[in-house]
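Printed here is structure_26.tsv (TSV, C-alpha atoms):
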```tsv
chain	number	residue	atom	x	y	z
A	1	MET	CA	0.00	0.00	0.00
A	2	SER	CA	1.41	3.40	-0.87
A	3	THR	CA	1.78	6.07	1.76
A	4	PRO	CA	0.66	9.63	1.12
A	5	SER	CA	3.60	11.96	0.63
A	6	ARG	CA	1.48	15.09	0.63
A	7	GLN	CA	-2.13	15.60	1.43
A	8	GLY	CA	-4.27	13.79	-1.17
A	9	GLU	CA	-1.30	12.42	-3.17
A	10	THR	CA	0.06	8.90	-3.30
A	11	GLU	CA	3.29	7.52	-4.65
A	12	GLY	CA	3.06	6.52	-8.29
A	13	GLU	CA	0.56	9.24	-9.11
A	14	GLY	CA	0.07	9.72	-12.83
A	15	GLU	CA	0.22	6.02	-13.59
A	16	GLU	CA	-2.68	4.42	-15.43
A	17	PRO	CA	-4.86	2.29	-13.15
A	18	GLN	CA	-4.63	-1.41	-13.86
A	19	ARG	CA	-7.70	-2.70	-15.68
A	20	PRO	CA	-8.68	-6.33	-15.32
A	21	GLN	CA	-8.15	-8.42	-18.44
A	22	PRO	CA	-11.41	-9.44	-20.12
A	23	ALA	CA	-12.39	-13.08	-20.19
A	24	PRO	CA	-11.60	-14.92	-23.46
A	25	GLU	CA	-15.32	-15.49	-24.03
A	26	ALA	CA	-15.97	-11.74	-23.89
A	27	VAL	CA	-13.22	-11.06	-26.45
A	28	GLU	CA	-14.69	-13.66	-28.81
A	29	ASP	CA	-18.16	-12.18	-28.37
A	30	ARG	CA	-16.84	-8.71	-29.18
A	31	THR	CA	-15.02	-10.02	-32.24
A	32	ALA	CA	-18.17	-11.62	-33.61
A	33	ARG	CA	-20.13	-8.47	-32.80
A	34	ASN	CA	-17.58	-6.25	-34.51
A	35	ILE	CA	-17.55	-8.41	-37.63
A	36	GLY	CA	-21.35	-8.34	-37.81
A	37	VAL	CA	-21.57	-4.61	-37.23
A	38	GLY	CA	-18.75	-3.94	-39.70
A	39	CYS	CA	-20.31	-6.01	-42.49
A	40	PHE	CA	-23.78	-4.60	-41.97
A	41	THR	CA	-22.63	-0.97	-41.84
A	42	THR	CA	-20.43	-1.46	-44.93
A	43	PHE	CA	-23.47	-2.60	-46.91
A	44	ILE	CA	-25.69	0.19	-45.56
A	45	GLY	CA	-22.93	2.79	-45.97
A	46	PHE	CA	-22.38	1.80	-49.59
A	47	TRP	CA	-25.99	2.39	-50.60
A	48	SER	CA	-26.70	5.39	-48.41
A	49	GLY	CA	-23.46	7.10	-49.40
A	50	GLY	CA	-24.31	6.63	-53.07
A	51	MET	CA	-27.78	8.10	-52.64
A	52	VAL	CA	-26.54	11.10	-50.67
A	53	ALA	CA	-23.83	11.73	-53.27
A	54	VAL	CA	-26.40	11.72	-56.09
A	55	LEU	CA	-28.41	14.28	-54.11
A	56	VAL	CA	-25.27	16.40	-53.75
A	57	GLY	CA	-24.65	15.98	-57.49
A	58	LYS	CA	-28.20	17.11	-58.24
A	59	ILE	CA	-27.61	20.26	-56.18
A	60	VAL	CA	-24.22	20.90	-57.82
A	61	GLU	CA	-25.60	20.39	-61.32
A	62	GLY	CA	-28.56	22.63	-60.49
A	63	LEU	CA	-26.24	25.41	-59.36
A	64	ARG	CA	-24.16	24.98	-62.52
A	65	GLN	CA	-27.41	25.11	-64.54
A	66	THR	CA	-26.57	22.12	-66.71
A	67	ARG	CA	-29.20	20.34	-68.73
A	68	SER	CA	-30.82	17.26	-67.22
A	69	CYS	CA	-31.25	13.90	-68.90
A	70	GLU	CA	-34.68	12.44	-69.45
A	71	GLY	CA	-35.66	10.05	-66.65
A	72	LEU	CA	-32.45	10.52	-64.62
A	73	PRO	CA	-31.70	12.86	-61.74
A	74	ILE	CA	-28.44	13.96	-63.41
A	75	CYS	CA	-26.61	12.81	-66.51
A	76	ASN	CA	-23.38	11.72	-64.82
A	77	TRP	CA	-24.99	10.25	-61.72
A	78	THR	CA	-22.72	7.20	-61.81
A	79	SER	CA	-19.59	9.19	-61.00
A	80	TYR	CA	-21.28	10.86	-58.02
A	81	ALA	CA	-22.81	7.57	-56.85
A	82	LEU	CA	-19.51	5.68	-57.07
A	83	VAL	CA	-17.56	8.23	-55.06
A	84	GLY	CA	-20.32	8.50	-52.46
A	85	ALA	CA	-20.70	4.74	-52.21
A	86	VAL	CA	-17.00	4.23	-51.54
A	87	LEU	CA	-16.95	7.03	-48.96
A	88	GLY	CA	-20.06	5.66	-47.25
A	89	ALA	CA	-18.78	2.08	-47.27
A	90	VAL	CA	-15.60	3.21	-45.51
A	91	THR	CA	-16.78	5.92	-43.14
A	92	LEU	CA	-19.93	4.37	-41.67
A	93	PRO	CA	-18.22	1.17	-40.41
A	94	VAL	CA	-15.25	3.15	-39.09
A	95	LEU	CA	-17.51	5.49	-37.13
A	96	ALA	CA	-19.69	2.67	-35.79
A	97	LEU	CA	-16.75	0.49	-34.72
A	98	ARG	CA	-14.92	3.42	-33.11
A	99	ARG	CA	-18.03	4.15	-31.08
A	100	LEU	CA	-18.30	0.50	-29.98
A	101	ARG	CA	-14.63	0.32	-28.99
A	102	ARG	CA	-14.92	3.53	-26.98
A	103	ARG	CA	-17.82	1.99	-25.07
A	104	ASP	CA	-15.84	-1.23	-24.51
A	105	VAL	CA	-12.91	0.67	-23.01
A	106	ARG	CA	-15.16	2.44	-20.52
A	107	HIS	CA	-16.57	-0.88	-19.24
```

Reformat the file's structure so that it appears as C-alpha cells.
Amino acid sequence: MSTPSRQGETEGEGEEPQRPQPAPEAVEDRTARNIGVGCFTTFIGFWSGGMVAVLVGKIVEGLRQTRSCEGLPICNWTSYALVGAVLGAVTLPVLALRRLRRRDVRH
C-alpha cells in the first residue's frame, strides 16, 4: 500500500490504473459483434453514401445550370454515386466500430 507523501497524493501518481483483463469469451463475443456490425454498416454505408452523393450531385448540377437527362436525376450520376458509395462504405463502419470500442474501453 502506498503512503501519502502530501495531502491527497500517493506515490506513483500519474500512472494508469490497472484494468482487469477481459475473459476470453468476452473477447470472442466482441469479435463476432464487430464483424457483424462492420459487415452490416459497410453494406448500408455503400448504398446510403451513393444516394446522398447523387443528391449532392443534383444540387451541384442545379447550381451549374446544366441540362438534365430524361428520366435521370443527373446525366453523370454514376460518378457521383460511385464516389459517395465508396466514402459511405468506408466511413460508416469506421464510425460505428470506433463508437463501440470507446464503449468497450469504458466498461

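Closest approach to A:Leu97 from the set A:Met51, A:Cys69, A:Ile35, A:Leu63 is made by A:Ile35, with distances taken over all atoms listed in the file.
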
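Atom to atom, atom CA of A:Leu87 and atom CA of A:Gly57 stand 14.6 Å apart.
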
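Nearest residue to A:Val94 among A:Cys39, A:Thr78, A:Ala53, A:Glu70 is A:Cys39, counting only C-alpha atoms.
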
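Checking A:Pro93, A:Lys58, A:Arg99, A:Asp104 one by one against A:Gly38, counting only C-alpha atoms, you find the shortest gap at A:Pro93.
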
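In this structure, atom CA of A:Leu100 sits 20.1 Å away from atom CA of A:Phe46.
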
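Take atom CA of A:Leu55 and atom CA of A:Leu95: the distance between them is 22.0 Å.
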
(Q) List as number ranges by chain the protein and nucleic acid residues near A:Phe43, meaning an atom at most 12 Å away when only C-alpha atoms are counted, but skip any in the same chain fewer than 3 places from it. (A) A: 36-40, 46-50, 85-93

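Distance annotation: of A:Ala96, A:Ala81, A:Ile74, A:Ile44, the residue with the minimal separation from A:Gly62 is A:Ile74; atom set is all atoms listed in the file.
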
**Q.** Exercise: A:Tyr80 partners within 6 Å, all atoms listed in the file, chain neighbours under 3 positions left out, as a PyMOL selection string
**A.** chain A and resi 53-54+77+83

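With only C-alpha atoms as the basis for measurement, A:Pro73 is the residue among A:Ser79, A:Asn34, A:Arg106, A:Pro73 that approaches A:Ile59 most closely.
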
Could you give me the axis-aligned bounding box of stretch 66-74 of chain A, with 4 Å of padding per side, as centre plus edge lengths in Å to one decimal, as lines of an AutoDock Vina configuration file?
```
center_x = -31.1
center_y = 16.1
center_z = -65.6
size_x = 17.1
size_y = 20.1
size_z = 15.7
```

Atom completion result for stretch 38-60 of chain A (N, CA and C atoms) as a compact mmCIF listing (two decimals), in the frame of the given file:
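Generated file (part33.txt):
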```txt
# COMPACT_ATOMS: atom_id res chain seq x y z
N GLY A 38 -19.56 -4.45 -38.60
CA GLY A 38 -18.75 -3.94 -39.70
C GLY A 38 -19.33 -4.32 -41.06
N CYS A 39 -19.73 -5.57 -41.21
CA CYS A 39 -20.31 -6.01 -42.49
C CYS A 39 -21.63 -5.31 -42.78
N PHE A 40 -22.47 -5.23 -41.77
CA PHE A 40 -23.78 -4.60 -41.97
C PHE A 40 -23.63 -3.11 -42.31
N THR A 41 -22.77 -2.39 -41.58
CA THR A 41 -22.63 -0.97 -41.84
C THR A 41 -21.90 -0.70 -43.15
N THR A 42 -21.06 -1.63 -43.61
CA THR A 42 -20.43 -1.46 -44.93
C THR A 42 -21.50 -1.51 -46.01
N PHE A 43 -22.39 -2.47 -45.93
CA PHE A 43 -23.47 -2.60 -46.91
C PHE A 43 -24.37 -1.36 -46.88
N ILE A 44 -24.80 -0.97 -45.69
CA ILE A 44 -25.69 0.19 -45.56
C ILE A 44 -24.96 1.47 -45.98
N GLY A 45 -23.70 1.61 -45.60
CA GLY A 45 -22.93 2.79 -45.97
C GLY A 45 -22.73 2.92 -47.47
N PHE A 46 -22.56 1.78 -48.14
CA PHE A 46 -22.38 1.80 -49.59
C PHE A 46 -23.60 2.42 -50.27
N TRP A 47 -24.78 1.91 -49.93
CA TRP A 47 -25.99 2.39 -50.60
C TRP A 47 -26.38 3.79 -50.15
N SER A 48 -26.30 4.06 -48.88
CA SER A 48 -26.70 5.39 -48.41
C SER A 48 -25.72 6.46 -48.87
N GLY A 49 -24.44 6.14 -48.90
CA GLY A 49 -23.46 7.10 -49.40
C GLY A 49 -23.68 7.42 -50.87
N GLY A 50 -24.02 6.41 -51.65
CA GLY A 50 -24.31 6.63 -53.07
C GLY A 50 -25.52 7.52 -53.27
N MET A 51 -26.57 7.29 -52.49
CA MET A 51 -27.78 8.10 -52.64
C MET A 51 -27.55 9.55 -52.22
N VAL A 52 -26.83 9.74 -51.13
CA VAL A 52 -26.54 11.10 -50.67
C VAL A 52 -25.66 11.82 -51.70
N ALA A 53 -24.71 11.11 -52.28
CA ALA A 53 -23.83 11.73 -53.27
C ALA A 53 -24.60 12.13 -54.52
N VAL A 54 -25.58 11.33 -54.94
CA VAL A 54 -26.40 11.72 -56.09
C VAL A 54 -27.22 12.96 -55.77
N LEU A 55 -27.71 13.06 -54.52
CA LEU A 55 -28.41 14.28 -54.11
C LEU A 55 -27.47 15.48 -54.16
N VAL A 56 -26.25 15.31 -53.67
CA VAL A 56 -25.27 16.40 -53.75
C VAL A 56 -24.99 16.75 -55.21
N GLY A 57 -24.86 15.74 -56.06
CA GLY A 57 -24.65 15.98 -57.49
C GLY A 57 -25.80 16.73 -58.12
N LYS A 58 -27.02 16.41 -57.72
CA LYS A 58 -28.20 17.11 -58.24
C LYS A 58 -28.14 18.59 -57.86
N ILE A 59 -27.74 18.87 -56.62
CA ILE A 59 -27.61 20.26 -56.18
C ILE A 59 -26.51 20.97 -56.95
N VAL A 60 -25.36 20.30 -57.10
CA VAL A 60 -24.22 20.90 -57.82
C VAL A 60 -24.60 21.18 -59.28
```
